[in-house]
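Single-structure report; data block below.
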Amino acid sequence: MNIAKTHLSSTIKSSFLQTFTSKPTITLTILDTLLQKCKNVKEFNQIHSQMIISGYINDTFAASRLLKFSTDSYFIPINHSHYILDSIKNPNGFIWNTMMRAYLQRDFAQATLSLYRVMLEKNVEPDNYTYPILIQACSVRFNGFEGKEIHTHVLKLGFGSDVYVVNTLINMYAVCGNVSEARQLFDEACVIDSVSWNSILAGYVQIGDVEEAVLVFDQMPDKNTIASNSMIALFGKMGRVNDARRLFDGMVIRDMVTWTAILSCYEQNEMFEQALAIFVQMRVEGVAVDEVVVVSALSACANLLANKEGELVHSLSMRIGIESYVNLHNALIHMYSRCGNIIASRKLFDTSHILDQISWNSMISGYLKCGSVDEARALFDCMPTKDVVSWSAMISGYAQHDYFTETLALFHEMQLTGIRPDETTLVSVISACTHLAALDQGKWIHTYIKKNDLKINTVLGTTLIDMYMKCGCVENALEIFQGMEEKGVSSWNTIILGLAVNGLVEESLDKFSEMKRCNVAPNEITFMGVLGACRHVGLVDDGRHFFESMVRIHNITPNVKHYGCMVDLLGRAGLLQEAEELIESMPISPDVATWGALLGACKKHRNTQMAERIGRKLIQLQPENDGFHVLLSNVYASKGRWDDVIEIRDMMKHQGVVKIPGCSIIEADGVVHEFLAGDTTHPRMKEIDKMLDEMAQRLKMEGYSPDTNEVTLDIDEEEKETNLYRHSEKLAIAFGMICTSPRTPIRIMKNLRICDDCHSAAIAISSAYEREIVIRDRHRFHHFKKGSCSCMGYW
């Protein structure tokens with residue numbers, strides 16, 4: 001009978017049916033032959049049906065053959081196998097084990113445990129093969145409670161000394177994080193083999209207990225490759241790279257996992273050059289590479305910005321036929337994006353048939369990294385589905401590229417989708433609020449964080465502190481700072497800088513002292529805040545002390561910004577000669593900002609000779625800088641040297657230097673309004689003009705007189721006064737007067753330093769209208785209240 005070469009035809013069915021009356025050995029041979037030829041569910045169902053019709057399904061051995069074939073054949077659904085089990089009258093332990101193992105292998109661990117309960121109800125006795133299956137099911141579910149219950153059954157039925165059962169129990173407890181229970185089993189076991197040692201070692205590796213893992217590894221009678229690989233992975237995870245390399249070098253037998261572990265060790269610890277070197281060595285020694293190895297190599301290339309090496313790895317992936325793997329594909333998109341090769345990245349993206357969410361997110365992030373914000377947004381809008389990573393990437397990209405208005409708009413759009421923002425998103429949105437002085441929206445986000453019970457960690461807390469400080473809300477910032485469980489050095493720096501720029505110098509220096517008492521080591525930025533505090537009120541001696549202590553006590557080498565702070569401090573105090581000598585003695589080249597601070601001090605103290613010398617030097621160094629031209633022009637104007645003013649302005653015209661217009665931002669009812677100097681475009685300009693006229697009349701009655709000394713020389717005095725009244729901060733103040741309630745502080749952010757006349761006017765307005773006005777210019781805050789300013793005239 002040549003059945004092996006035929007399909008299931010009517011003839012075969014007939015022959016098959018006839019064999020059920022033959023001897024069992026012949027029937028089993030035919031059954032095995034038919035099962036070997038079975039290629040689909042339909043053919044299998046024919047065999048199963050014939051066995052039921054003939055009654056041969058009641059033969060336990062034949063039924064077990066049929067069930068084993070169905071569970072091993074992935075084209076047969078698992079419910080078909082269960083149906084076979086139900087059709088067997090008296091299934092034995094082997095059949096139940098087969099079915100339970102099938103559920104476990106197909107990721108239905110819960111069904112495995114449920115089947116065990118049915119097995120017990122039918123009074124079928126488990127064996128030493130049953131319990132390893134059940135224990136593995138508990139491991140897969142990370143369910144230590146159920147595992148403990150199975151352990152009780154093991155002991156009750158006398159399988160507690162079976163090495164296979166014990167090993168699976170050790171592994172289960174280790175996987176579920178109960179290493180102490182696993183260790184107790186290990187220590188009490190009658191017989192332990194290499195699997196036992198590997199299992200207990202894996203438990204310590206999983207929880208990151210290096211010391212215990214090392215003790216176990218050192219005691220192992222056979223330090224096999226699996227154990228060594230686990231230790232290399234653990235050493236890498238815990239940053240002990242030298243220990244990992246020492247173990248790697250001492251291994252006689254290495255497999256691909258070994259090489260992967262040491263490569264990942266270097267990559268995890270940001271030793272990307274060494275990671276690539278390991279990858280090259282793998283290729284030289286002929287070690288096969290897989291997707292995991294190539295992805296790690298590409299990650300190293302991305303972090304090193306090694307586009308050429310990345311291309312070689314890409315070529316290798318094509319040669320070995322793994323380029324189409326989605327994880328590898330995404331790693332390639334990321335690598336090319338990081339290296340600035342956005343064209344190659346987009347080509348991969350467009351030609352792929354395996355795009356997933358990570359692919360889209362990687363491509364968007366790549367565009368944003370390259371500064372192609374519009375292309376990123378276009379891709380974002382085309383995404384089939386957007387997750388929190390997509391929204392976060394786009395929102396963060398907007399914030400990083402100074403698209404602050406778009407950042408807030410996109411965040412509000414995200415809210416409408418119901419997707420909960422993550423920490424990165426919130427930090428970006430708060431930063432946008434900070435730059436736009438959008439206090440109301442910043443407060444709304446703070447309320448959102450509290451309402452949703454989101455933890456304010458170091459990064460989020462520091463960003464909120466920065467936002468409140470830069471909006472002049474010191475009390476809110478201090479409240480957050482005091483409530484933070486963990487304060488990093490960045491948190492302390494932000495509070496010290498914030499207090500200083502808000503004029504609370506004594507409190508700023510107190511925080512510096514408190515920081516040291518809390519054993520938080522100050523860094524370069526800390527001293528920027530401390531020196532900045534000193535310069536805001538002219539604490540020259542204290543500034544000198546802190547500057548010297550940087551090197552002497554804290555071993556911090558001052559950078560150009562620290563020198564700039566000291567020059568500004570000395571210059572504001574009128575110590576112009578000392579300030580210039582400090583610049584000349586700097587061990588590093590002074591930048592234009594440092595010389596600019598001295599030029600500003602010369603103007604303040606009316607040292608025209610030094611101002612002229614330094615101003616012309618700065619114009620030569622940076623001819624495109626409008627600030628230096630304007631500052632020197634104002635120095636000449638203050639002395640009535642109009643010919644020199646004309647020369648400077650002609651120079652600006654000739655070199656194409658345009659003065660940056662003053663710009664002031666104010667938020668009202670959640671909307672940010674922007675005013676330029678001389679602005680007439682605002683929709684409520686008529687109301688603003690009316691308020692400006694009212695303010696001018698009222699301030700004159702209060703004795704305020706506009707300072708016209710530095711206004712353009714070719715207009716008369718009346719026009720000069722009008723020009724002053726259209727400075728951006730005055731327009732913003734007038735708008736604030738008509739749009740905010742009398743008890744609400746008027747908060748304004750300006751892009752330039754506030755001018756003398758606007759400063760005097762703000763003082764007068766705060767007194768005449770009994771309004772608190774907070775203006776943040778490019779250097780500091782001015783809190784105007786009841787006819788005085790927090791700067792006390794020292795600015």
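Chains: A, B, ... in order of the structure tokens. Residues: from 1 per chain. Ligands: from 1, in order shown.
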Just asking: which residues within stretch 536-782 of chain A are helix (DSSP H, G or I) according to DSSP, as a VMD selection string? chain A and resid 536 to 537 540 to 552 560 to 572 576 to 584 592 to 604 608 to 621 626 to 638 642 to 655 685 to 701 717 to 725 728 to 739 756 to 768
For atom CA of A:Val592 and atom CA of A:Asn559, determine how far apart the two atoms are, in Å to one decimal place.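 Taking atom CA of A:Val592 and atom CA of A:Asn559, their separation equals 14.0 Å.
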May I ask which of the residues A:Ser491, A:Val530, A:Met251, A:Gly793 is the closest one to A:Asp510, counting only C-alpha atoms?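 The answer is A:Val530, which sits nearest to A:Asp510.
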A:Thr744: which residues within 10 Å, counting only C-alpha atoms, same-chain residues fewer than 5 positions away excluded, as an MDAnalysis selection string? chainID A and resid 736:737 771:773
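Interatomic distance, atom CA of A:Ser396 to atom CA of A:Ala477: 22.9 Å.
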Could you tell me how far atom CA of A:Met467 sits from atom CA of A:Lys450, in Å to one decimal place?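 It comes out at 16.2 Å.
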Spatial neighbours of stretch 139-151 of chain A, 12 Å, only C-alpha atoms, chain gap at least 3 places, as a ChimeraX atom specification: /A:103-114,116-117,126,130-136,154-161,165-179,181-182,185
Neighbouring residues of A:Ile660 were defined as those with any atom within 9 Å, considering only C-alpha atoms; residues of the same chain fewer than 4 positions away were excluded. Please report them as a CSV table (one decimal) with N, CA and C atoms, in the first residue's frame.
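Saved result, out.csv, follows:
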```
chain,number,residue,atom,x,y,z
A,626,ASP,N,24.6,95.8,16.4
A,626,ASP,CA,23.9,97.1,16.5
A,626,ASP,C,24.0,97.7,17.9
A,627,GLY,N,24.1,96.8,18.9
A,627,GLY,CA,24.2,97.3,20.3
A,627,GLY,C,25.3,98.2,20.6
A,752,LEU,N,15.2,94.0,25.1
A,752,LEU,CA,16.4,94.9,25.3
A,752,LEU,C,16.4,95.4,26.8
```
Hey, what's within 12 Å of A:Asn634 if we count only C-alpha atoms and toss same-chain stuff fewer than 4 positions away? As a ChimeraX atom specification, please? /A:599-600,602-604,606,608,611-612,615,627-630,638-642,644-646,648-649,708-713,755-756
Using only C-alpha atoms, please write the residues we just selected to a file, as a compact mmCIF listing (two decimals), in the first residue's frame.
```txt
# COMPACT_ATOMS: atom_id res chain seq x y z
CA LEU A 599 31.36 100.02 27.64
CA GLY A 600 27.98 100.12 29.38
CA CYS A 602 31.59 103.86 30.88
CA LYS A 603 28.26 105.26 29.68
CA LYS A 604 26.75 104.98 33.16
CA ARG A 606 30.06 109.25 31.85
CA THR A 608 33.51 109.38 27.47
CA ALA A 611 33.89 104.65 26.24
CA GLU A 612 35.06 106.00 22.91
CA GLY A 615 33.35 101.39 21.74
CA GLY A 627 24.16 97.28 20.30
CA PHE A 628 27.70 98.63 20.32
CA HIS A 629 26.90 101.26 17.70
CA VAL A 630 23.82 102.40 19.59
CA SER A 638 24.62 112.39 26.32
CA LYS A 639 27.58 114.76 25.86
CA GLY A 640 25.95 116.68 23.00
CA ARG A 641 28.53 115.46 20.48
CA TRP A 642 26.04 115.32 17.62
CA ASP A 644 30.00 111.94 16.37
CA VAL A 645 26.42 110.64 16.66
CA ILE A 646 25.91 111.32 12.96
CA ILE A 648 28.18 106.44 14.05
CA ARG A 649 24.75 106.37 12.40
CA THR A 708 14.91 113.40 25.90
CA ASN A 709 18.70 113.62 26.05
CA GLU A 710 19.35 110.47 24.05
CA VAL A 711 16.48 110.63 21.57
CA THR A 712 17.10 111.13 17.86
CA LEU A 713 18.73 114.55 17.31
CA CYS A 755 15.85 102.67 28.96
CA ASP A 756 16.30 105.40 31.61
```
Closest of A:Val41, A:Tyr367, A:Asn341, A:Ala102 to A:Leu67 - atom-to-atom distances counting only C-alpha atoms: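 With only C-alpha atoms as the atom set, the closest residue is A:Ala102.
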Which residues, written as a ChimeraX atom specification, have at least one atom at most 10 Å from stretch 361-364 of chain A, with only C-alpha atoms counted and residues fewer than 2 positions away on the same chain left out? /A:330-338,342,345-346,348-349,356-359,366-369,372-373,375-380,383,386-387,389-394,397
Contacts of stretch 297-414 of chain A with stretch 424-442 of chain A up to 7 Å, shortest pair per row, only C-alpha atoms, as a Markdown table:
```
| residue | atom | partner | partner_atom | distance |
| --- | --- | --- | --- | --- |
| A:Ser392 | CA | A:Thr425 | CA | 4.8 |
| A:Ile395 | CA | A:Thr425 | CA | 6.5 |
| A:Ser396 | CA | A:Ser428 | CA | 5.2 |
| A:Ala399 | CA | A:Ser428 | CA | 5.8 |
| A:Phe404 | CA | A:Ala432 | CA | 4.8 |
| A:Thr407 | CA | A:Val429 | CA | 6.4 |
| A:Leu408 | CA | A:Val429 | CA | 6.2 |
```
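For the set A:Glu729, A:Glu188, A:Glu309, A:Glu647, the residue with the smallest atom-to-atom gap to A:Phe675 is A:Glu729, counting only C-alpha atoms.
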